[in-house]
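Source file coords-v6.txt; content: compact mmCIF, C-alpha atoms.
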```
# COMPACT_ATOMS: atom_id res chain seq x y z
CA MET A 1 54.70 165.86 50.56
CA GLN A 2 55.55 169.04 52.44
CA THR A 3 57.74 171.53 50.53
CA HIS A 4 59.22 174.95 51.16
CA PRO A 5 57.81 177.97 49.30
CA ASP A 6 60.56 177.60 46.69
CA GLY A 7 59.49 174.03 45.98
CA THR A 8 62.40 172.40 47.82
CA ILE A 9 62.48 170.00 50.71
CA SER A 10 64.98 169.59 53.55
CA ILE A 11 66.72 166.28 53.98
CA VAL A 12 69.85 164.90 55.65
CA VAL A 13 72.29 163.01 53.39
CA ASN A 14 75.22 161.23 55.04
CA GLY A 15 74.94 163.52 58.05
CA GLU A 16 74.72 166.77 56.04
CA HIS A 17 71.59 168.94 55.72
CA LYS A 18 70.58 169.58 52.12
CA ARG A 19 67.79 171.31 50.22
CA VAL A 20 66.72 169.44 47.12
CA ALA A 21 63.86 169.79 44.65
CA GLY A 22 60.58 168.32 45.77
CA GLY A 23 59.56 165.14 44.01
CA ILE A 24 63.13 164.01 43.42
CA THR A 25 63.70 160.24 43.45
CA LEU A 26 66.53 158.49 45.21
CA ALA A 27 68.11 157.57 41.85
CA ALA A 28 67.95 161.19 40.71
CA LEU A 29 69.39 162.33 44.04
CA ALA A 30 72.33 159.95 43.64
CA SER A 31 72.96 161.22 40.10
CA GLU A 32 72.75 164.81 41.30
CA LEU A 33 75.45 164.01 43.82
CA GLY A 34 77.66 162.70 41.03
CA LEU A 35 77.12 159.04 41.92
CA VAL A 36 76.11 156.10 39.75
CA PRO A 37 72.88 154.68 41.23
CA GLU A 38 73.85 151.16 40.13
CA LYS A 39 77.02 151.34 42.23
CA VAL A 40 75.66 152.56 45.57
CA ALA A 41 73.52 151.27 48.42
CA VAL A 42 70.88 153.55 49.96
CA GLU A 43 69.33 153.55 53.40
CA ARG A 44 66.27 155.78 53.99
CA ASN A 45 65.18 156.42 57.56
CA LEU A 46 67.11 153.34 58.75
CA GLU A 47 65.57 151.08 56.11
CA ILE A 48 67.46 149.67 53.12
CA VAL A 49 65.95 150.69 49.81
CA PRO A 50 66.35 147.96 47.16
CA ARG A 51 68.51 149.23 44.32
CA SER A 52 65.86 148.13 41.81
CA THR A 53 63.37 150.64 43.27
CA LEU A 54 65.63 153.71 43.58
CA ALA A 55 64.07 155.28 40.48
CA GLN A 56 60.57 154.93 41.94
CA VAL A 57 61.06 156.00 45.56
CA VAL A 58 60.42 159.71 46.04
CA VAL A 59 62.35 161.60 48.70
CA GLU A 60 60.22 163.15 51.44
CA ASP A 61 60.86 166.28 53.50
CA GLY A 62 62.82 165.37 56.65
CA ASP A 63 64.18 162.10 55.26
CA GLU A 64 67.52 160.92 56.63
CA ILE A 65 69.43 159.16 53.90
CA GLU A 66 72.69 157.23 53.94
CA ILE A 67 74.43 156.49 50.65
CA VAL A 68 77.45 154.21 50.72
CA HIS A 69 79.84 152.61 48.25
CA PHE A 70 83.05 150.63 48.42
CA VAL A 71 86.34 152.45 48.89
CA GLY A 72 89.86 151.09 48.70
CA GLY A 73 91.64 150.23 51.92
CA GLY A 74 94.82 151.93 50.73
CA ASP A 75 96.30 154.51 48.42
CA HIS A 76 97.08 153.89 44.78
CA ALA A 77 100.62 154.52 43.61
CA ALA A 78 101.93 155.11 40.13
CA ALA A 79 103.36 152.08 38.35
CA ILE A 80 107.06 151.48 38.88
CA ALA A 81 108.98 151.34 35.62
CA ASP A 82 111.46 148.57 34.96
CA ASP A 83 114.98 149.53 35.97
CA SER A 84 118.51 148.41 35.32
CA TRP A 85 121.85 148.89 37.02
CA SER A 86 125.36 149.58 35.78
CA VAL A 87 128.85 148.72 36.92
CA ALA A 88 132.07 149.88 35.25
CA GLY A 89 130.13 151.15 32.25
CA LYS A 90 128.21 147.93 31.65
CA THR A 91 124.44 147.82 32.13
CA PHE A 92 122.46 144.80 33.31
CA ARG A 93 118.80 144.11 33.95
CA SER A 94 119.15 141.13 36.27
CA ARG A 95 120.31 142.00 39.77
CA LEU A 96 121.14 138.41 40.63
CA ILE A 97 124.70 137.15 40.14
CA VAL A 98 125.28 133.43 40.57
CA GLY A 99 128.35 131.31 41.11
CA THR A 100 129.44 128.24 39.20
CA GLY A 101 130.71 125.96 41.94
CA LYS A 102 129.27 122.99 43.87
CA TYR A 103 126.83 121.87 41.17
CA LYS A 104 126.39 118.21 40.27
CA ASP A 105 127.67 118.94 36.78
CA PHE A 106 127.94 121.71 34.22
CA ALA A 107 124.53 120.85 32.75
CA GLN A 108 122.79 121.44 36.08
CA ASN A 109 124.80 124.62 36.53
CA ALA A 110 123.68 125.91 33.13
CA ALA A 111 120.04 125.07 33.83
CA ALA A 112 120.18 126.92 37.14
CA VAL A 113 121.74 129.99 35.51
CA GLU A 114 118.97 130.05 32.92
CA ALA A 115 116.27 129.71 35.59
CA SER A 116 117.85 132.49 37.64
CA GLY A 117 117.81 134.95 34.77
CA ALA A 118 121.34 135.99 35.78
CA GLU A 119 123.42 137.90 33.27
CA ILE A 120 126.66 137.55 35.25
CA VAL A 121 128.29 134.40 36.64
CA THR A 122 131.40 134.22 38.79
CA VAL A 123 134.08 131.82 37.62
CA ALA A 124 137.14 130.58 39.43
CA VAL A 125 140.48 130.61 37.66
CA ARG A 126 142.02 127.13 37.82
CA ARG A 127 144.71 125.15 36.02
CA VAL A 128 143.81 123.47 32.75
CA ASN A 129 143.47 119.70 32.96
CA VAL A 130 146.39 118.88 30.66
CA SER A 131 145.95 115.14 31.19
CA ASP A 132 142.51 115.10 29.53
CA ARG A 133 142.07 117.47 26.62
CA ASN A 134 138.49 116.28 26.12
CA ALA A 135 137.32 117.06 29.66
CA PRO A 136 134.17 119.24 29.58
CA MET A 137 134.60 122.94 30.24
CA LEU A 138 132.21 125.50 31.66
CA THR A 139 132.28 127.47 28.40
CA ASP A 140 130.76 124.45 26.66
CA TYR A 141 127.59 124.95 28.73
CA ILE A 142 127.48 128.65 29.62
CA ASP A 143 128.33 130.80 26.63
CA PRO A 144 130.57 133.74 27.65
CA LYS A 145 129.23 135.62 24.62
CA LYS A 146 125.76 135.57 26.16
CA ILE A 147 126.56 135.58 29.89
CA THR A 148 129.18 137.89 31.38
CA TYR A 149 131.93 135.95 33.11
CA LEU A 150 133.23 137.53 36.31
CA PRO A 151 136.60 135.93 37.16
CA ASN A 152 137.14 135.78 40.90
CA THR A 153 140.00 135.07 43.25
CA ALA A 154 138.29 132.43 45.38
CA GLY A 155 140.84 130.60 47.51
CA CYS A 156 143.41 133.40 47.56
CA PHE A 157 144.79 134.31 51.00
CA ASP A 158 147.12 137.15 50.12
CA ALA A 159 147.19 140.10 47.73
CA GLU A 160 149.96 138.66 45.57
CA SER A 161 148.13 135.45 44.69
CA ALA A 162 144.90 137.33 44.00
CA ILE A 163 146.65 139.80 41.70
CA ARG A 164 148.50 137.01 39.90
CA THR A 165 145.25 135.11 39.39
CA LEU A 166 143.49 138.09 37.84
CA ARG A 167 146.42 138.93 35.61
CA LEU A 168 146.16 135.39 34.20
CA ALA A 169 142.39 135.81 33.82
CA ARG A 170 142.86 138.99 31.81
CA GLU A 171 145.43 137.27 29.61
CA ALA A 172 143.12 134.29 29.07
CA GLY A 173 139.93 136.16 28.26
CA GLY A 174 140.62 139.87 28.25
CA TRP A 175 138.60 140.40 31.41
CA GLU A 176 139.03 143.66 33.28
CA LEU A 177 135.79 143.53 35.27
CA VAL A 178 136.70 141.06 38.01
CA LYS A 179 135.71 140.01 41.50
CA LEU A 180 138.37 140.35 44.15
CA GLU A 181 138.36 138.45 47.40
CA VAL A 182 141.35 137.98 49.66
CA LEU A 183 140.56 135.68 52.56
CA GLY A 184 142.02 135.93 56.04
CA GLU A 185 141.87 132.29 57.09
CA ALA A 186 140.16 129.06 56.13
CA LYS A 187 137.73 128.60 59.03
CA THR A 188 135.58 131.71 58.62
CA LEU A 189 136.62 132.71 55.07
CA TYR A 190 136.35 136.29 56.28
CA PRO A 191 138.15 138.80 54.07
CA ASP A 192 141.55 140.12 55.12
CA MET A 193 140.82 143.81 54.69
CA VAL A 194 144.46 144.93 54.80
CA GLU A 195 145.38 142.62 51.92
CA THR A 196 142.10 143.31 50.14
CA LEU A 197 142.69 147.06 50.18
CA ARG A 198 146.26 146.63 48.96
CA ALA A 199 145.17 144.36 46.12
CA THR A 200 142.40 146.77 45.14
CA GLU A 201 144.84 149.66 44.80
CA ILE A 202 147.27 147.66 42.66
CA LEU A 203 144.59 146.17 40.41
CA ALA A 204 142.95 149.55 39.86
CA SER A 205 146.31 151.06 38.94
CA GLU A 206 146.74 148.31 36.33
CA GLY A 207 143.40 149.06 34.67
CA PHE A 208 141.30 146.38 36.34
CA LYS A 209 137.79 147.16 37.49
CA PRO A 210 137.46 145.19 40.73
CA MET A 211 134.17 144.35 42.40
CA VAL A 212 135.38 143.71 45.92
CA TYR A 213 134.21 141.25 48.58
CA CYS A 214 134.55 142.81 52.02
CA VAL A 215 133.36 142.87 55.62
CA ASP A 216 130.08 144.62 56.39
CA ASP A 217 131.84 147.75 57.60
CA PRO A 218 130.88 151.14 56.11
CA ILE A 219 134.33 152.62 56.83
CA ALA A 220 136.15 149.76 55.10
CA ALA A 221 133.67 149.96 52.22
CA LYS A 222 134.40 153.64 51.68
CA ARG A 223 138.16 153.03 51.70
CA LEU A 224 137.75 150.36 49.04
CA GLU A 225 135.73 152.73 46.89
CA ASP A 226 138.42 155.40 47.28
CA ALA A 227 141.04 152.80 46.29
CA GLY A 228 139.30 152.07 42.99
CA ALA A 229 136.64 149.43 43.67
CA VAL A 230 133.85 149.68 41.08
CA ALA A 231 131.43 147.82 43.35
CA ILE A 232 131.32 147.02 47.04
CA MET A 233 130.28 143.47 48.01
CA PRO A 234 129.82 143.14 51.78
CA LEU A 235 129.14 139.72 53.21
CA GLY A 236 125.74 139.04 54.71
CA ALA A 237 127.15 136.12 56.70
CA PRO A 238 130.14 133.77 56.29
CA ILE A 239 130.56 132.21 52.84
CA GLY A 240 128.43 129.10 52.41
CA SER A 241 126.76 129.45 55.81
CA GLY A 242 123.23 130.18 54.60
CA LEU A 243 122.60 132.24 57.74
CA GLY A 244 121.13 135.22 55.92
CA ILE A 245 121.97 138.87 56.52
CA GLN A 246 123.22 139.17 60.08
CA ASN A 247 123.59 142.94 60.30
CA ARG A 248 121.03 144.91 58.36
CA VAL A 249 122.12 148.18 59.96
CA THR A 250 125.66 148.16 58.57
CA ILE A 251 124.53 146.93 55.15
CA ARG A 252 122.12 149.85 54.96
CA LEU A 253 124.86 152.26 56.07
CA ILE A 254 127.14 150.96 53.31
CA VAL A 255 124.36 151.46 50.76
CA GLU A 256 123.70 155.00 51.96
CA GLY A 257 127.37 155.96 51.89
CA ALA A 258 128.42 154.40 48.59
CA SER A 259 128.54 156.04 45.19
CA VAL A 260 129.18 152.71 43.45
CA PRO A 261 126.91 149.65 43.35
CA VAL A 262 126.55 147.61 46.54
CA LEU A 263 125.80 143.90 46.30
CA VAL A 264 125.43 141.47 49.19
CA ASP A 265 127.90 138.66 48.67
CA ALA A 266 127.85 135.49 50.79
CA GLY A 267 125.53 134.17 53.46
CA VAL A 268 122.25 134.01 51.55
CA GLY A 269 120.39 130.79 52.36
CA THR A 270 116.92 131.16 50.93
CA ALA A 271 114.72 133.50 48.93
CA SER A 272 113.70 135.69 51.86
CA ASP A 273 117.37 136.51 52.52
CA ALA A 274 117.74 137.77 48.95
CA ALA A 275 114.58 139.85 49.29
CA VAL A 276 115.89 141.45 52.50
CA ALA A 277 119.12 142.46 50.76
CA MET A 278 117.17 144.17 48.01
CA GLU A 279 114.77 145.83 50.44
CA LEU A 280 117.79 147.39 52.15
CA GLY A 281 118.57 149.16 48.89
CA CYS A 282 121.35 146.93 47.58
CA ASP A 283 121.90 146.96 43.83
CA GLY A 284 122.10 143.20 43.66
CA VAL A 285 122.90 139.89 45.34
CA LEU A 286 125.58 137.31 44.60
CA MET A 287 125.08 133.71 45.65
CA ASN A 288 126.30 130.21 44.92
CA THR A 289 125.75 127.67 47.70
CA ALA A 290 122.14 128.67 48.36
CA ILE A 291 121.26 127.52 44.85
CA ALA A 292 123.81 124.78 44.22
CA GLU A 293 123.14 122.93 47.50
CA ALA A 294 119.35 123.21 47.38
CA LYS A 295 117.51 119.90 46.92
CA ASP A 296 116.28 121.28 43.60
CA PRO A 297 118.86 123.83 42.42
CA VAL A 298 116.98 124.83 39.27
CA THR A 299 113.75 125.58 41.11
CA MET A 300 115.64 127.42 43.85
CA ALA A 301 117.34 129.52 41.17
CA ARG A 302 113.92 130.62 39.95
CA ALA A 303 112.85 131.37 43.53
CA MET A 304 115.92 133.55 44.01
CA ARG A 305 115.18 135.40 40.79
CA LEU A 306 111.66 136.20 41.96
CA ALA A 307 112.88 137.19 45.43
CA VAL A 308 115.43 139.65 44.06
CA GLU A 309 112.84 141.16 41.72
CA SER A 310 110.26 141.36 44.51
CA GLY A 311 112.68 142.88 47.02
CA ARG A 312 113.83 145.49 44.52
CA LEU A 313 110.26 146.42 43.66
CA ALA A 314 109.40 146.72 47.36
CA TYR A 315 112.40 149.00 47.93
CA ARG A 316 111.47 151.25 45.03
CA SER A 317 107.84 151.36 46.14
CA GLY A 318 108.81 152.82 49.52
CA ARG A 319 108.12 150.86 52.68
CA MET A 320 105.32 152.02 54.96
CA GLY A 321 106.43 153.57 58.23
CA LYS A 322 106.52 151.43 61.36
CA ARG A 323 104.00 152.34 64.03
CA ARG A 324 103.72 151.45 67.70
CA TYR A 325 99.95 151.02 67.52
CA ALA A 326 97.32 149.75 65.11
CA ASP A 327 96.09 151.92 62.27
CA PRO A 328 92.92 150.88 60.37
CA SER A 329 93.20 150.13 56.68
CA SER A 330 89.70 151.40 55.91
CA PRO A 331 89.08 155.14 56.39
CA LEU A 332 86.99 156.25 59.36
CA ALA A 333 85.66 159.24 57.40
CA GLY A 334 82.21 158.46 56.03
CA LEU A 335 81.51 155.77 58.64
CA ILE A 336 77.79 155.22 59.10
```
What is this file in structure tokens?
Amino acid sequence: MQTHPDGTISIVVNGEHKRVAGGITLAALASELGLVPEKVAVERNLEIVPRSTLAQVVVEDGDEIEIVHFVGGGDHAAAIADDSWSVAGKTFRSRLIVGTGKYKDFAQNAAAVEASGAEIVTVAVRRVNVSDRNAPMLTDYIDPKKITYLPNTAGCFDAESAIRTLRLAREAGGWELVKLEVLGEAKTLYPDMVETLRATEILASEGFKPMVYCVDDPIAAKRLEDAGAVAIMPLGAPIGSGLGIQNRVTIRLIVEGASVPVLVDAGVGTASDAAVAMELGCDGVLMNTAIAEAKDPVTMARAMRLAVESGRLAYRSGRMGKRRYADPSSPLAGLI
């Protein structure tokens, strides 16, 4: 073995010239480089050196050596902590709100709520069945002491009827956190924003804390917030349509401009729709028909729960940037 006067030899390791002590083995060379011999593969002068012989093979002057190991195809990010959200001073962990209509019966409704993990359910305010005192009630199946009831004004087409409904709800159960919707007409069930804004102002002045269903318009959303809405609930698509979010741009603009929670309300059809809403930065999603009219409502409720959790986690993780061309996952640096 030829050596320099100082007892070293010249070799090339992964394309870099190095001087190392004469008589060094490949295993010792790997250790000197800060590598674990058992976790690398070595090529010497274009020939693979079996890992079992690394401690016996002596490096020669002029050797060209390649040492490789496995590297990740992506960066590692810090773990995302669990998070919660708050509305009108109340804090919740679940970001899925579910409705209580269209189910086969109260038992199925209760099972779906449990599977969804929801902590809030919307409830319609309707007349008591005075002809049958023993008729089952929702409270017999979904305990309002464990699940927050959110009285809504479903079916109201003017501010007066919506306000009257919520006044009765407050009298019946003391509810101040309510969901306001004032519909424009029966075909589309789109909100009448003039009446909605008027009702919001009156309810807020009376101490209510309205979460307000509205069009997906960032200007209208801001006016509602200024009028006293504690949450903005833009539609993703018409109520009960299952079409999914039709305008992601305006939903994102509402999220960016709001200082109160934003929840997509209406239009969700399947789990991917819920995930999209969360990936846009929404604080939550409200749905009813997508679960209640599924072939298996209880299983769909679980799917929606997972979708909301997944979409939220994706949003908090930070989406990769979109590129016009391909970009390799594995690094080109260190390529043999």
CA of Ala326 in chain A to CA of Glu66 in chain A, straight-line distance in Å: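 Going from CA of Glu66 in chain A over to CA of Ala326 in chain A, I get 28.1 Å.
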Nearest-residue call for Val264 in chain A, choices A:Gly155, A:Val123, A:Thr8, A:Val98, using all atoms listed in the file: A:Val98
Range 208-215 of chain A: which residues within 6 Å, counting all atoms listed in the file, same-chain residues fewer than 4 positions away excluded, as an mmCIF file with C-alpha atoms, in the frame of the given file?
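Okay, this is what ended up in result-v8.cif:
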```cif
data_model
loop_
_atom_site.group_PDB
_atom_site.id
_atom_site.type_symbol
_atom_site.label_atom_id
_atom_site.label_comp_id
_atom_site.auth_asym_id
_atom_site.auth_seq_id
_atom_site.Cartn_x
_atom_site.Cartn_y
_atom_site.Cartn_z
ATOM 1 C CA GLU A 176 139.030 143.660 33.280
ATOM 2 C CA LEU A 177 135.790 143.530 35.270
ATOM 3 C CA VAL A 178 136.700 141.060 38.010
ATOM 4 C CA LYS A 179 135.710 140.010 41.500
ATOM 5 C CA LEU A 180 138.370 140.350 44.150
ATOM 6 C CA GLU A 181 138.360 138.450 47.400
ATOM 7 C CA PRO A 191 138.150 138.800 54.070
ATOM 8 C CA LEU A 203 144.590 146.170 40.410
ATOM 9 C CA ALA A 204 142.950 149.550 39.860
ATOM 10 C CA ALA A 229 136.640 149.430 43.670
ATOM 11 C CA VAL A 230 133.850 149.680 41.080
ATOM 12 C CA ALA A 231 131.430 147.820 43.350
ATOM 13 C CA ILE A 232 131.320 147.020 47.040
ATOM 14 C CA MET A 233 130.280 143.470 48.010
ATOM 15 C CA PRO A 234 129.820 143.140 51.780
ATOM 16 C CA LEU A 235 129.140 139.720 53.210
#
```
Atom-to-atom span, CA of Leu166 in chain A and CA of Met304 in chain A, Å: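 Pair CA of Leu166 in chain A / CA of Met304 in chain A returns 28.6 Å.
Pairwise distance (CA of Ala277 in chain A, CA of Glu195 in chain A) equals 26.3 Å.
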Exercise: residues within 12 Å of coordinate (111.8, 144.7, 44.4), counting only C-alpha atoms, as a ChimeraX atom specification: /A:80-84,94-96,272,274-284,304-319
